[in-house]
Structures are given as structure tokens and as C-alpha cells.
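*Asks:* My structure file model.cif, mmCIF, C-alpha atoms, is below:
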```cif
data_final
loop_
_atom_site.label_atom_id
_atom_site.label_comp_id
_atom_site.auth_asym_id
_atom_site.auth_seq_id
_atom_site.Cartn_x
_atom_site.Cartn_y
_atom_site.Cartn_z
CA MET D 1 15.93 4.79 14.34
CA LYS D 2 12.21 4.31 13.65
CA LYS D 3 12.41 6.97 10.91
CA PHE D 4 15.53 5.28 9.53
CA ARG D 5 13.70 1.93 9.23
CA MET D 6 10.82 3.67 7.50
CA VAL D 7 13.17 5.19 4.88
CA ILE D 8 14.66 1.76 4.14
CA VAL D 9 11.18 0.21 3.75
CA ILE D 10 10.12 2.90 1.29
CA ALA D 11 13.34 2.61 -0.70
CA LEU D 12 13.15 -1.16 -1.06
CA ALA D 13 9.43 -1.04 -1.85
CA LEU D 14 10.02 1.42 -4.65
CA VAL D 15 12.89 -0.65 -6.02
CA PHE D 16 10.59 -3.65 -6.41
CA PHE D 17 7.71 -1.54 -7.76
CA SER D 18 9.87 -0.30 -10.58
CA GLY D 19 11.59 -3.60 -11.15
CA CYS D 20 8.49 -5.63 -11.90
CA LYS D 21 5.95 -3.41 -13.65
CA LYS D 22 5.20 -2.72 -17.31
CA GLN D 23 6.95 0.11 -19.09
CA THR D 24 5.85 2.20 -22.07
CA GLN D 25 8.32 1.07 -24.66
CA LYS D 26 7.29 -2.15 -26.41
CA GLU D 27 10.58 -3.98 -25.98
CA PHE D 28 10.81 -3.03 -22.33
CA THR D 29 7.21 -4.04 -21.74
CA ALA D 30 7.65 -7.35 -23.57
CA GLU D 31 10.80 -8.21 -21.61
CA LEU D 32 9.23 -7.35 -18.29
CA GLU D 33 6.26 -9.51 -19.18
CA LYS D 34 8.60 -12.40 -19.98
CA GLN D 35 10.37 -12.03 -16.65
CA ARG D 36 7.07 -11.67 -14.82
CA GLU D 37 5.86 -14.96 -16.31
CA MET D 38 9.07 -16.77 -15.32
CA ASN D 39 8.40 -18.59 -12.06
CA ALA D 40 11.87 -18.58 -10.49
CA GLY D 41 15.06 -16.61 -10.17
CA ASN D 42 18.12 -15.55 -8.21
CA TYR D 43 18.52 -12.17 -6.54
CA ALA D 44 21.00 -10.14 -4.51
CA VAL D 45 20.79 -6.88 -2.58
CA VAL D 46 23.95 -5.12 -1.44
CA ILE D 47 24.02 -2.08 0.85
CA ASP D 48 26.94 -0.29 -0.78
CA GLN D 49 26.89 2.62 1.63
CA LEU D 50 24.96 3.70 4.69
CA ALA D 51 25.75 6.86 6.63
CA ILE D 52 23.85 8.46 9.50
CA LYS D 53 24.61 11.94 10.78
CA SER D 54 22.75 13.32 13.74
CA ALA D 55 22.57 16.78 15.29
CA ALA D 56 21.64 15.26 18.66
CA ASP D 57 23.32 16.78 21.71
CA ASN D 58 24.14 13.33 23.08
CA ALA D 59 27.63 12.55 21.73
CA SER D 60 27.35 8.89 22.73
CA GLN D 61 24.09 8.52 20.80
CA ARG D 62 25.61 10.14 17.71
CA ALA D 63 28.63 7.85 17.87
CA SER D 64 26.43 4.76 18.25
CA MET D 65 24.32 5.66 15.21
CA GLU D 66 27.37 6.36 13.05
CA MET D 67 29.03 3.12 14.16
CA ALA D 68 25.88 1.11 13.42
CA ALA D 69 25.74 2.59 9.91
CA LYS D 70 29.36 1.59 9.24
CA MET D 71 28.66 -1.94 10.43
CA ILE D 72 25.62 -2.28 8.15
CA SER D 73 27.49 -0.93 5.10
CA GLY D 74 28.59 -3.84 2.94
CA THR D 75 25.75 -6.10 4.06
CA LYS D 76 24.63 -8.52 1.35
CA ILE D 77 21.34 -10.36 1.04
CA SER D 78 21.17 -13.04 -1.65
CA GLY D 79 19.14 -16.09 -2.51
CA ASN D 80 16.57 -17.57 -4.85
CA TYR D 81 12.81 -17.71 -5.20
CA LEU D 82 10.09 -19.89 -6.70
CA LYS D 83 6.49 -18.83 -7.25
CA ASP D 84 3.21 -20.38 -8.29
CA SER D 85 0.99 -17.65 -9.71
CA LYS D 86 -2.11 -19.85 -9.98
CA LYS D 87 -2.04 -21.05 -6.38
CA LYS D 88 -0.52 -17.75 -5.20
CA LEU D 89 2.36 -19.45 -3.42
CA LEU D 90 5.92 -18.21 -2.97
CA THR D 91 9.05 -19.68 -1.43
CA MET D 92 12.35 -17.88 -0.89
CA THR D 93 15.75 -18.80 0.50
CA THR D 94 18.01 -16.02 1.69
CA ASP D 95 21.51 -15.66 3.08
CA LEU D 96 22.11 -12.49 5.10
CA GLU D 97 25.84 -11.71 5.22
CA LEU D 98 26.50 -9.28 8.07
CA LEU D 99 29.61 -8.65 10.23
CA GLY D 100 31.34 -11.78 9.01
CA GLN D 101 28.31 -13.94 9.80
CA THR D 102 25.93 -15.66 7.37
CA ILE D 103 22.36 -15.98 8.61
CA PRO D 104 20.17 -18.39 6.58
CA LEU D 105 16.51 -17.67 6.07
CA GLU D 106 13.91 -19.80 4.29
CA PHE D 107 10.21 -19.13 4.16
CA PHE D 108 7.00 -20.02 2.32
CA MET D 109 4.16 -17.58 1.72
CA ASP D 110 0.53 -18.46 1.09
CA GLN D 111 -0.78 -15.24 -0.44
CA LYS D 112 -4.39 -16.44 -0.47
CA LYS D 113 -4.45 -17.03 3.27
CA GLN D 114 -1.88 -14.27 3.91
CA SER D 115 0.26 -16.55 6.05
CA VAL D 116 4.00 -17.26 6.27
CA TYR D 117 6.03 -20.35 7.20
CA LEU D 118 9.53 -19.51 8.51
CA ASP D 119 12.23 -22.17 8.85
CA THR D 120 13.43 -22.45 12.48
CA VAL D 121 17.03 -22.86 11.28
CA ILE D 122 17.34 -19.09 11.78
CA LEU D 123 16.81 -19.61 15.53
CA THR D 124 19.71 -22.07 15.66
CA LYS D 125 22.03 -19.64 13.88
CA LEU D 126 21.00 -16.67 16.02
CA THR D 127 21.59 -18.76 19.14
CA GLU D 128 25.10 -19.63 17.93
CA ILE D 129 25.85 -15.97 17.31
CA ALA D 130 24.49 -14.99 20.72
CA LYS D 131 26.82 -17.50 22.39
CA GLU D 132 29.81 -16.10 20.50
CA PHE D 133 29.08 -12.65 21.90
CA ASP D 134 28.24 -14.01 25.39
CA ALA D 135 24.71 -12.67 25.00
CA GLN D 136 21.64 -14.12 26.67
CA VAL D 137 20.23 -17.18 24.87
CA PRO D 138 16.44 -17.25 25.42
CA ILE D 139 15.86 -20.75 24.06
CA LYS D 140 16.95 -23.86 25.93
CA ALA D 141 19.06 -26.40 24.03
CA LYS D 142 16.43 -29.16 24.30
CA ASP D 143 13.71 -26.85 22.94
CA LEU D 144 15.96 -25.76 20.09
CA GLU D 145 16.57 -29.40 19.21
CA ALA D 146 12.82 -30.10 19.30
CA LEU D 147 12.24 -27.22 16.86
CA LYS D 148 14.80 -28.55 14.38
CA GLY D 149 13.24 -29.16 10.96
CA LYS D 150 10.06 -27.28 11.80
CA TYR D 151 8.56 -24.05 10.46
CA ILE D 152 7.09 -21.17 12.43
CA HIS D 153 3.54 -20.65 11.15
CA ILE D 154 2.74 -16.94 11.09
CA THR D 155 -0.96 -16.45 10.38
CA LYS D 156 -2.82 -13.45 9.00
CA ASP D 157 -3.88 -12.52 12.55
CA ASP D 158 -0.27 -12.73 13.74
CA LEU D 159 0.87 -10.39 10.97
CA GLU D 160 -1.91 -7.92 11.74
CA GLU D 161 -1.03 -7.93 15.43
CA GLN D 162 2.64 -7.33 14.68
CA ARG D 163 1.75 -4.48 12.33
CA LYS D 164 -0.33 -2.81 15.04
CA LYS D 165 2.50 -3.09 17.58
CA GLN D 166 5.07 -1.57 15.23
CA SER D 167 2.71 0.94 13.61
CA THR D 168 3.98 0.02 10.16
CA MET D 169 2.33 -0.42 6.78
CA ALA D 170 2.98 -3.09 4.19
CA LEU D 171 3.74 -1.00 1.13
CA SER D 172 4.53 -3.75 -1.33
CA GLY D 173 1.49 -5.32 -2.89
CA ASN D 174 -0.81 -2.40 -2.09
CA PHE D 175 -0.58 -1.01 -5.62
CA ASP D 176 -2.08 -2.85 -8.56
CA SER D 177 0.41 -3.51 -11.39
CA LYS D 178 -2.08 -2.22 -13.96
CA LEU D 179 -2.31 1.07 -12.08
CA PHE D 180 1.45 1.45 -12.08
CA SER D 181 1.63 0.58 -15.78
CA GLU D 182 -0.95 3.24 -16.55
CA TYR D 183 1.11 5.80 -14.68
CA LEU D 184 4.26 4.82 -16.57
CA GLU D 185 2.46 5.54 -19.81
CA THR D 186 2.23 9.18 -18.73
CA LEU D 187 6.04 9.47 -18.55
CA ASP D 188 8.22 10.81 -21.32
CA ALA D 189 9.02 7.96 -23.73
CA ASP D 190 12.40 9.55 -24.44
CA SER D 191 13.43 8.94 -20.84
CA PHE D 192 13.88 5.24 -21.71
CA GLU D 193 17.32 4.75 -23.24
CA LYS D 194 18.41 1.70 -25.22
CA LYS D 195 22.00 0.61 -25.83
CA GLY D 196 22.57 -2.80 -27.38
CA ASP D 197 20.47 -5.33 -25.49
CA THR D 198 20.02 -3.06 -22.48
CA ILE D 199 17.29 -0.53 -21.74
CA LYS D 200 17.81 2.05 -18.98
CA ARG D 201 15.42 4.30 -17.10
CA THR D 202 16.21 6.61 -14.15
CA PHE D 203 13.54 7.52 -11.60
CA THR D 204 13.65 10.59 -9.36
CA LYS D 205 11.66 11.98 -6.45
CA LYS D 206 9.52 13.77 -9.01
CA ASP D 207 8.44 10.38 -10.42
CA ILE D 208 7.47 9.19 -6.94
CA GLN D 209 5.40 12.30 -6.34
CA GLY D 210 3.79 11.89 -9.74
CA PHE D 211 2.86 8.29 -9.00
CA VAL D 212 1.38 9.27 -5.62
CA SER D 213 -0.78 11.93 -7.29
CA TYR D 214 -1.91 9.45 -9.94
CA VAL D 215 -2.91 6.88 -7.29
CA LYS D 216 -4.85 9.48 -5.31
CA GLU D 217 -6.89 10.20 -8.43
CA HIS D 218 -7.26 6.72 -9.97
CA GLY D 219 -6.62 4.17 -7.19
CA ASP D 220 -9.13 2.38 -4.99
CA GLN D 221 -9.62 3.22 -1.31
CA ASP D 222 -6.78 1.03 -0.01
CA GLU D 223 -4.37 2.25 -2.66
CA GLN D 224 -5.23 5.86 -1.93
CA GLN D 225 -4.56 5.32 1.78
CA THR D 226 -1.17 3.77 1.03
CA ALA D 227 -0.39 6.66 -1.31
CA LYS D 228 -1.08 9.14 1.49
CA GLU D 229 1.38 7.35 3.76
CA LEU D 230 3.95 7.20 0.98
CA ALA D 231 3.53 10.91 0.31
CA LYS D 232 3.99 11.75 3.98
CA ASN D 233 7.13 9.66 4.30
CA SER D 234 8.65 10.62 0.96
CA ASP D 235 8.67 14.26 2.06
CA GLN D 236 11.76 13.35 4.07
CA LEU D 237 13.64 12.43 0.88
CA THR D 238 15.98 15.23 -0.17
CA LYS D 239 17.62 13.10 -2.87
CA TYR D 240 16.31 10.13 -4.80
CA LYS D 241 17.92 8.55 -7.84
CA GLN D 242 17.05 5.04 -8.98
CA THR D 243 18.45 3.64 -12.21
CA ILE D 244 17.13 0.40 -13.72
CA LEU D 245 19.01 -1.59 -16.37
CA MET D 246 17.06 -4.29 -18.20
CA ASN D 247 18.89 -6.83 -20.37
CA LEU D 248 16.60 -8.24 -23.06
CA LYS D 249 18.68 -11.34 -23.84
CA LYS D 250 19.95 -12.37 -20.41
CA HIS D 251 16.60 -11.61 -18.76
CA THR D 252 18.31 -9.70 -15.95
CA GLN D 253 17.54 -6.53 -14.04
CA LYS D 254 19.98 -4.33 -12.17
CA THR D 255 18.88 -1.42 -10.01
CA THR D 256 21.13 1.12 -8.33
CA LEU D 257 19.58 3.37 -5.73
CA ALA D 258 20.97 6.50 -4.06
CA ILE D 259 18.86 8.39 -1.52
CA THR D 260 19.29 10.98 1.19
CA ALA D 261 16.61 11.56 3.81
CA GLU D 262 16.42 14.14 6.59
CA ASP D 263 14.18 14.11 9.64
CA GLU D 264 14.39 15.70 13.08
CA GLY D 265 18.04 16.64 12.73
CA THR D 266 19.15 13.25 11.42
CA THR D 267 20.42 12.70 7.87
CA VAL D 268 20.48 9.21 6.35
CA THR D 269 22.38 8.48 3.13
CA LEU D 270 21.91 5.11 1.44
CA GLY D 271 23.47 3.49 -1.59
CA LEU D 272 22.04 0.14 -2.66
CA THR D 273 22.38 -2.29 -5.58
CA LEU D 274 19.74 -4.87 -6.49
CA THR D 275 20.16 -7.59 -9.13
CA ASN D 276 17.67 -10.18 -10.34
CA GLN D 277 18.01 -13.08 -12.77
CA ALA D 278 14.63 -14.48 -13.79
CA LYS D 279 14.25 -18.04 -15.10
CA ASN D 280 11.78 -20.87 -15.53
CA SER D 281 11.70 -23.91 -13.26
CA LYS D 282 9.72 -27.16 -13.24
CA LYS D 283 9.90 -27.36 -9.43
CA THR D 284 6.67 -27.17 -7.46
CA ILE D 285 5.91 -25.61 -4.09
CA GLN D 286 4.73 -27.77 -1.20
CA LEU D 287 3.76 -25.91 1.97
CA PRO D 288 4.97 -27.46 5.26
CA LYS D 289 2.58 -30.01 6.80
CA LYS D 290 0.83 -29.06 10.02
CA VAL D 291 2.85 -31.63 11.98
CA ASP D 292 6.02 -29.83 10.87
CA THR D 293 4.90 -26.40 12.08
CA VAL D 294 4.86 -24.51 15.37
CA SER D 295 2.54 -21.59 16.10
CA ILE D 296 3.66 -18.13 17.17
CA GLU D 297 1.86 -18.70 20.45
CA LYS D 298 3.77 -21.93 21.14
CA LEU D 299 7.08 -20.30 20.16
CA SER D 300 6.38 -17.43 22.56
CA GLU D 301 5.77 -19.95 25.36
CA ILE D 302 9.08 -21.68 24.60
CA ILE D 303 10.98 -18.38 24.62
CA ALA D 304 9.27 -17.27 27.84
CA SER D 305 10.21 -20.59 29.45
CA GLY D 306 13.81 -20.19 28.30
CA GLN D 307 14.01 -16.69 29.71
CA ALA D 308 12.56 -17.87 33.00
CA GLN D 309 15.25 -20.54 33.20
CA GLU D 310 18.05 -18.11 32.37
CA SER D 311 20.24 -17.41 35.40
CA LEU D 312 20.29 -13.76 36.42
CA ILE D 313 23.67 -14.10 38.15
CA SER D 314 26.91 -15.14 36.50
CA GLU D 315 28.50 -18.55 36.98
CA ALA D 316 31.39 -16.90 38.83
CA GLU D 317 29.00 -15.18 41.24
CA PHE D 318 27.13 -18.43 41.82
CA ASN D 319 30.32 -20.34 42.58
CA GLU D 320 31.35 -17.59 45.00
CA LEU D 321 27.99 -17.93 46.77
CA LEU D 322 28.48 -21.69 47.19
CA ALA D 323 32.00 -21.16 48.49
CA VAL D 324 30.76 -18.67 51.11
CA ILE D 325 28.04 -21.08 52.29
CA GLU D 326 30.43 -24.01 52.50
CA SER D 327 32.97 -22.00 54.49
CA SER D 328 30.26 -20.88 56.93
CA GLN D 329 28.46 -24.19 57.44
CA THR D 330 28.60 -24.27 61.25
CA GLN D 331 27.22 -20.71 61.46
CA LEU D 332 23.99 -21.21 59.46
CA THR D 333 20.69 -21.95 61.20
CA GLN D 334 17.62 -23.52 59.55
CA PRO D 335 15.82 -20.14 59.29
CA GLN D 336 18.93 -18.74 57.60
CA ILE D 337 19.01 -21.65 55.16
CA ASP D 338 15.32 -21.15 54.31
CA GLN D 339 15.94 -17.45 53.78
CA ILE D 340 18.83 -18.12 51.39
CA LYS D 341 16.65 -20.49 49.33
CA GLU D 342 13.82 -17.98 49.15
CA THR D 343 16.16 -15.11 48.26
CA TYR D 344 18.11 -16.81 45.45
CA LYS D 345 15.51 -19.11 43.85
CA PRO D 346 14.11 -16.45 41.42
CA TYR D 347 17.61 -15.77 40.08
CA LEU D 348 18.86 -19.32 39.50
CA THR D 349 18.24 -21.99 36.92
CA ASP D 350 16.76 -25.33 38.08
CA GLN D 351 20.21 -26.90 37.93
CA GLN D 352 21.82 -24.13 39.98
CA TYR D 353 19.04 -24.24 42.57
CA LYS D 354 19.52 -27.99 43.02
CA GLN D 355 23.23 -27.39 43.61
CA LEU D 356 22.38 -24.74 46.18
CA GLU D 357 19.97 -27.11 47.96
CA LYS D 358 22.64 -29.81 48.24
CA VAL D 359 25.16 -27.40 49.73
CA LEU D 360 22.58 -26.06 52.18
CA GLU D 361 21.49 -29.59 53.09
CA ARG D 362 25.07 -30.47 54.03
CA SER D 363 25.22 -27.24 56.00
CA SER D 364 22.07 -28.23 57.90
CA GLN D 365 23.43 -31.67 58.74
CA ILE D 366 26.73 -30.32 60.02
CA ALA D 367 24.99 -27.56 61.98
CA ALA D 368 22.83 -30.20 63.64
#
```
Could you spell out this file's structure in C-alpha cells?
*Replies:*
Amino acid sequence: MKKFRMVIVIALALVFFSGCKKQTQKEFTAELEKQREMNAGNYAVVIDQLAIKSAADNASQRASMEMAAKMISGTKISGNYLKDSKKKLLTMTTDLELLGQTIPLEFFMDQKKQSVYLDTVILTKLTEIAKEFDAQVPIKAKDLEALKGKYIHITKDDLEEQRKKQSTMALSGNFDSKLFSEYLETLDADSFEKKGDTIKRTFTKKDIQGFVSYVKEHGDQDEQQTAKELAKNSDQLTKYKQTILMNLKKHTQKTTLAITAEDEGTTVTLGLTLTNQAKNSKKTIQLPKKVDTVSIEKLSEIIASGQAQESLISEAEFNELLAVIESSQTQLTQPQIDQIKETYKPYLTDQQYKQLEKVLERSSQIAA
């Protein structure tokens, strides 16, 4: 699945590269410049199709991968954004629609400091979903309530640490727009088609390879390194077709993407549609105040505490244990009671352990 995630990252990165850079034709270039200067907009990404076929010997593993792909197909991500180019600030709101659930996501990005502020409302929603599926909830209710209205502050160091753990690269933003524009000028002008108010251009794997070669020759050190990674990963692409439609009057972009990638006996086929409506807004961006934020370190402590308090035996099993103790009260000695406490304490919540102590205390009194 690591390779699968990598393919998705590359595909989305390339969609946004092509959707926001200058093109050779004057009208296309002028329209893209207009949209680039607009500071707000609405967007939507729909995974039209996702299929995974594996040659793995493990039938269960193959079935799981194919089932996961079917579940992800139809997923929609939509929302709006607001940016401040001078201060290099960005805020986005997103709704992730998956498996009949809508997961809200809101974040701010300070591009100068390379930090992110993530609304904790996502933790509340994920907790609700976990409860629906009877999954373990790592955050206690009181801690979740205390986090309400706050933002998780993810610093530059936090992002770097996460990148190291996952061995991933941030592709977007590693290529200068001027460099991409220069490369586009080397393409065939006839490949840009105009019909009415709409201009269309289709990109293929050959265009990706051409861009990588251009960056290796003309990019700076960081861009050349990113190009090497892109070249290595794009070798897995056996099919790549990306069509961009630009409407000059409505200031909209629509991208359809179809790719097939193969690696280590696994074939991934993806169909994706991206739409963007750029506009101007008089709204301003205000980053969350420090008092309204929680650090990654503090959040990790809260989650660790919640996991420590999570009972490792079911409620039914716990009730059965109490029933056994109560029915055997006259047979338990003090050493036996101490042993029961020591044995079960690591597996019970504070509340369950207090219940156990009360039952054992009654047992001790009766035994005496």
C-alpha cells in the first residue's frame, strides 16, 4: 500500500502543477494569471474509479486490497480556500465524504514559518465514527471536550519529523512556477485547443518525463533532487492522461485524470476529477491565537493517557469477573484478593478498578 499512496501523491501533485501554471498561448496565460491573482475559490476532487489488482499468493490480502479500492471509489473531497499572497498565509475548509460519512477538516498554513494549524473538530468526528464501529477510542470524553474550539499547532520541526518517519517527500511547492512556465513554452502550441470560451490541453507521461529532464538541466539543487524522485516514481506509470479545461469567462478549471501504475505485481488504476472556481474575496486571514492552540507534544500526551485508560477487557468479561468474585466471597483469602488486584489492574480503567476494589473489600469483610 506504500507504493499505492505514492502513486496518489504524484498524481495529485501533477494535477495541481498543471492547474496553476502559465501556459504558452496568450489567452490561456492571461486567464491563468487572473485566477492566480484571485485570492479565494471553491474546489472539489472526486475519485471516480479506483481499482487494485494484485498477483500476491495470499488470497485474503488480494481480496482486502480490492475491497478497499471499491470502498474508496466515489470518495469526494470539497471545500473552499482563502489565501494572502503577501503574508504567505492560506486557510482551507474541506469535507471528506467517504462511506456515507462526512469528515470536516479546517486548517491554516503559515508558509513563511512552514507551520500548520488543524481544527480539532476532526478528532470529535473521528471519535464518533469509531464509536459507531465499536472501535477503540483513544481520547477520553473530558479531554475531547477540553480540546473543543482549539487548533493543533504543527510546527516545521513536527512536519520534518513526520516526513522522516514516513520516508515521503513534499512534491508540491518544490518546483518554481517560472521554471514550469519555461518548460511549457517548449511544448507544441498546437496542442492547446480552443472551443468557444474554453481552452483544452492534454498531458501524457511523455510530458512528465520532459518536465523532469528540463528540471534536471535548469532547476536548482532542491528542484533537481525532487525531479529525481519524481522520475523514479513515475517509471511505475504505464498510463497517464490528464486533460485540463479552462473557461475564460467563468474563471473555472476542470481536470480529468486517468492513470495506471504497476509495481511488484500490483496494478493500480485511478480515475479522478478535479474542479476549481477561482474568485476574489475581501475576507482576511487571522491565524489562531496561542491560547487557542495545542502542541503535537501535548496532543500525544492526551492520546497516550486515553490509551492507558482504555480497558483491555470487554464490559461483559469484567461483569463476569465481578460475578465470580461475589459468588466466591467466603473462599477468598487476603493474599488471593491482593493477587487479583495486582493481576487485573493493568487491564482496567480507573472506574473499573474502583468497582473491583469495592467487591473485593466486601469479600474481605465477609471472609473475616
*Asks:* With distances taken over only C-alpha atoms, which residue among D:Thr275, D:Lys194, D:Glu297, D:Leu230 lies nearest Lys216 in chain D?
*Replies:*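 The answer is D:Leu230, which sits nearest to Lys216 in chain D.
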*Asks:* What is the CA of Gln336 in chain D-CA of Lys354 in chain D distance in Å, reported with one decimal?
*Replies:*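 Computing the Euclidean distance for CA of Gln336 in chain D and CA of Lys354 in chain D yields 17.3 Å.
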*Asks:* Select, from D:Gln355, D:Ile103, D:His218, D:Asp207, the residue with the minimum atom-to-atom distance to Glu182 in chain D, counting all atoms listed in the file.
*Replies:*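 When distances to Glu182 in chain D are compared using all atoms listed in the file, the smallest one comes from D:His218.
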*Asks:* Please list, as an NGL selection string, the residues that have an atom at most 10 Å away from (24.4, -23.3, 51.0) in the coordinates of this file, counting all atoms listed in the file.
*Replies:* :D and (321-329 or 332 or 336-338 or 340-341 or 355-364)
*Asks:* Running the PyMOL selection byres ((chain D and resi 91) around 10) on this model by hand, what would come out? Give it as a list in words.
*Replies:* Ala40, Asn80, Tyr81, Leu82, Lys83, Asp84, Leu89, Leu90, Met92, Thr93, Glu106, Phe107, Phe108, Met109, Asp110, Val116, Tyr117, Leu118, Thr284, Ile285, Gln286 and Leu287 of chain D
*Asks:* For the file shown, report as a list in words the outcome of the PyMOL selection byres ((chain D and resi 206) around 12) at residue level.
*Replies:*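 Answer for the PyMOL selection byres ((chain D and resi 206) around 12): Leu187, Thr202, Phe203, Thr204, Lys205, Asp207, Ile208, Gln209, Gly210, Phe211, Val212, Ser213, Ala231, Ser234, Asp235, Leu237, Thr238, Lys239, Tyr240, Lys241 and Gln242 of chain D.
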*Asks:* Keeping only C-alpha atoms, write the selected residues to a file as an mmCIF file, in the coordinates of the input.
*Replies:*
```cif
data_model
loop_
_atom_site.group_PDB
_atom_site.id
_atom_site.type_symbol
_atom_site.label_atom_id
_atom_site.label_comp_id
_atom_site.auth_asym_id
_atom_site.auth_seq_id
_atom_site.Cartn_x
_atom_site.Cartn_y
_atom_site.Cartn_z
ATOM 1 C CA LEU D 187 6.040 9.470 -18.550
ATOM 2 C CA THR D 202 16.210 6.610 -14.150
ATOM 3 C CA PHE D 203 13.540 7.520 -11.600
ATOM 4 C CA THR D 204 13.650 10.590 -9.360
ATOM 5 C CA LYS D 205 11.660 11.980 -6.450
ATOM 6 C CA ASP D 207 8.440 10.380 -10.420
ATOM 7 C CA ILE D 208 7.470 9.190 -6.940
ATOM 8 C CA GLN D 209 5.400 12.300 -6.340
ATOM 9 C CA GLY D 210 3.790 11.890 -9.740
ATOM 10 C CA PHE D 211 2.860 8.290 -9.000
ATOM 11 C CA VAL D 212 1.380 9.270 -5.620
ATOM 12 C CA SER D 213 -0.780 11.930 -7.290
ATOM 13 C CA ALA D 231 3.530 10.910 0.310
ATOM 14 C CA SER D 234 8.650 10.620 0.960
ATOM 15 C CA ASP D 235 8.670 14.260 2.060
ATOM 16 C CA LEU D 237 13.640 12.430 0.880
ATOM 17 C CA THR D 238 15.980 15.230 -0.170
ATOM 18 C CA LYS D 239 17.620 13.100 -2.870
ATOM 19 C CA TYR D 240 16.310 10.130 -4.800
ATOM 20 C CA LYS D 241 17.920 8.550 -7.840
ATOM 21 C CA GLN D 242 17.050 5.040 -8.980
#
```
*Asks:* So how far away is CA of Lys86 in chain D from CA of Glu31 in chain D, in Å?
*Replies:*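 Result for CA of Glu31 in chain D versus CA of Lys86 in chain D: 20.9 Å, one decimal.
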*Asks:* So how many Å separate CA of Ser115 in chain D and CA of Gln101 in chain D, to one decimal?
*Replies:*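 Between CA of Ser115 in chain D and CA of Gln101 in chain D the gap is 28.4 Å.
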*Asks:* Would you translate the PyMOL selection byres ((chain D and resi 55-68) around 9) into the concrete set of residues it matches in this file, as a ChimeraX atom specification?
*Replies:* /D:1,51-54,69-73,264-267
*Asks:* Nearest to Leu126 in chain D among D:Leu96, D:Val294, D:Ala189, D:Met246, with distances taken over all atoms listed in the file: which residue is it?
*Replies:*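 Once distances to Leu126 in chain D are computed over all atoms listed in the file, the minimum belongs to D:Leu96.
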*Asks:* Go through D:Glu301, D:Asp119, D:Asp292, D:Asp197 and flag the residue nearest Phe28 in chain D, using all atoms listed in the file for the distances.
*Replies:*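 Nearest to Phe28 in chain D: D:Asp197.
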*Asks:* When you count only C-alpha atoms, which of these residues is closest to Glu37 in chain D: D:Leu270, D:Ala278, D:Glu193, D:Thr256?
*Replies:*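 Comparing D:Leu270, D:Ala278, D:Glu193, D:Thr256 against Glu37 in chain D, the winner is D:Ala278.
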*Asks:* Kindly list the centre and edge lengths in Å, rounded to one decimal, for the axis-aligned box that covers all listed atoms of range 96-111 of chain D plus 5 Å on each of its six sides, as JSON.
*Replies:*
```
{"center_x": 15.3, "center_y": -14.3, "center_z": 4.9, "size_x": 42.1, "size_y": 21.4, "size_z": 20.7}
```
*Asks:* For Val215 in chain D, which residue out of D:Leu248, D:Lys195, D:Glu160, D:Phe180 is the nearest one, using only C-alpha atoms?
*Replies:* D:Phe180
*Asks:* Just add N, CA, C and O atoms to range 142-155 of chain D and send it as an mmCIF file, in the frame of the given file.
*Replies:*
```cif
data_model
loop_
_atom_site.group_PDB
_atom_site.id
_atom_site.type_symbol
_atom_site.label_atom_id
_atom_site.label_comp_id
_atom_site.auth_asym_id
_atom_site.auth_seq_id
_atom_site.Cartn_x
_atom_site.Cartn_y
_atom_site.Cartn_z
ATOM 1 N N LYS D 142 17.366 -28.071 24.609
ATOM 2 C CA LYS D 142 16.430 -29.160 24.300
ATOM 3 C C LYS D 142 15.249 -28.658 23.468
ATOM 4 O O LYS D 142 14.737 -29.366 22.595
ATOM 5 N N ASP D 143 14.810 -27.419 23.726
ATOM 6 C CA ASP D 143 13.710 -26.850 22.940
ATOM 7 C C ASP D 143 14.172 -26.541 21.523
ATOM 8 O O ASP D 143 13.428 -26.734 20.552
ATOM 9 N N LEU D 144 15.406 -26.066 21.407
ATOM 10 C CA LEU D 144 15.960 -25.760 20.090
ATOM 11 C C LEU D 144 16.077 -27.033 19.259
ATOM 12 O O LEU D 144 15.776 -27.036 18.054
ATOM 13 N N GLU D 145 16.466 -28.120 19.895
ATOM 14 C CA GLU D 145 16.570 -29.400 19.210
ATOM 15 C C GLU D 145 15.197 -29.897 18.766
ATOM 16 O O GLU D 145 15.043 -30.452 17.671
ATOM 17 N N ALA D 146 14.185 -29.668 19.620
ATOM 18 C CA ALA D 146 12.820 -30.100 19.300
ATOM 19 C C ALA D 146 12.244 -29.307 18.126
ATOM 20 O O ALA D 146 11.381 -29.803 17.393
ATOM 21 N N LEU D 147 12.730 -28.076 17.943
ATOM 22 C CA LEU D 147 12.240 -27.220 16.860
ATOM 23 C C LEU D 147 12.952 -27.498 15.528
ATOM 24 O O LEU D 147 12.526 -27.001 14.481
ATOM 25 N N LYS D 148 14.001 -28.283 15.580
ATOM 26 C CA LYS D 148 14.800 -28.550 14.380
ATOM 27 C C LYS D 148 13.935 -29.181 13.292
ATOM 28 O O LYS D 148 13.203 -30.142 13.528
ATOM 29 N N GLY D 149 14.009 -28.625 12.083
ATOM 30 C CA GLY D 149 13.240 -29.160 10.960
ATOM 31 C C GLY D 149 11.826 -28.651 10.868
ATOM 32 O O GLY D 149 11.090 -29.020 9.948
ATOM 33 N N LYS D 150 11.424 -27.813 11.812
ATOM 34 C CA LYS D 150 10.060 -27.280 11.800
ATOM 35 C C LYS D 150 10.019 -25.861 11.245
ATOM 36 O O LYS D 150 11.055 -25.209 11.065
ATOM 37 N N TYR D 151 8.781 -25.399 10.995
ATOM 38 C CA TYR D 151 8.560 -24.050 10.460
ATOM 39 C C TYR D 151 7.631 -23.283 11.404
ATOM 40 O O TYR D 151 6.647 -23.832 11.904
ATOM 41 N N ILE D 152 7.952 -22.031 11.629
ATOM 42 C CA ILE D 152 7.090 -21.170 12.430
ATOM 43 C C ILE D 152 5.940 -20.704 11.545
ATOM 44 O O ILE D 152 6.157 -20.087 10.505
ATOM 45 N N HIS D 153 4.710 -21.024 11.938
ATOM 46 C CA HIS D 153 3.540 -20.650 11.150
ATOM 47 C C HIS D 153 3.020 -19.293 11.617
ATOM 48 O O HIS D 153 2.507 -19.159 12.734
ATOM 49 N N ILE D 154 3.180 -18.300 10.780
ATOM 50 C CA ILE D 154 2.740 -16.940 11.090
ATOM 51 C C ILE D 154 1.458 -16.678 10.321
ATOM 52 O O ILE D 154 1.461 -16.575 9.094
ATOM 53 N N THR D 155 0.347 -16.595 11.024
ATOM 54 C CA THR D 155 -0.960 -16.450 10.380
ATOM 55 C C THR D 155 -1.259 -14.987 10.040
ATOM 56 O O THR D 155 -0.526 -14.079 10.428
#
```
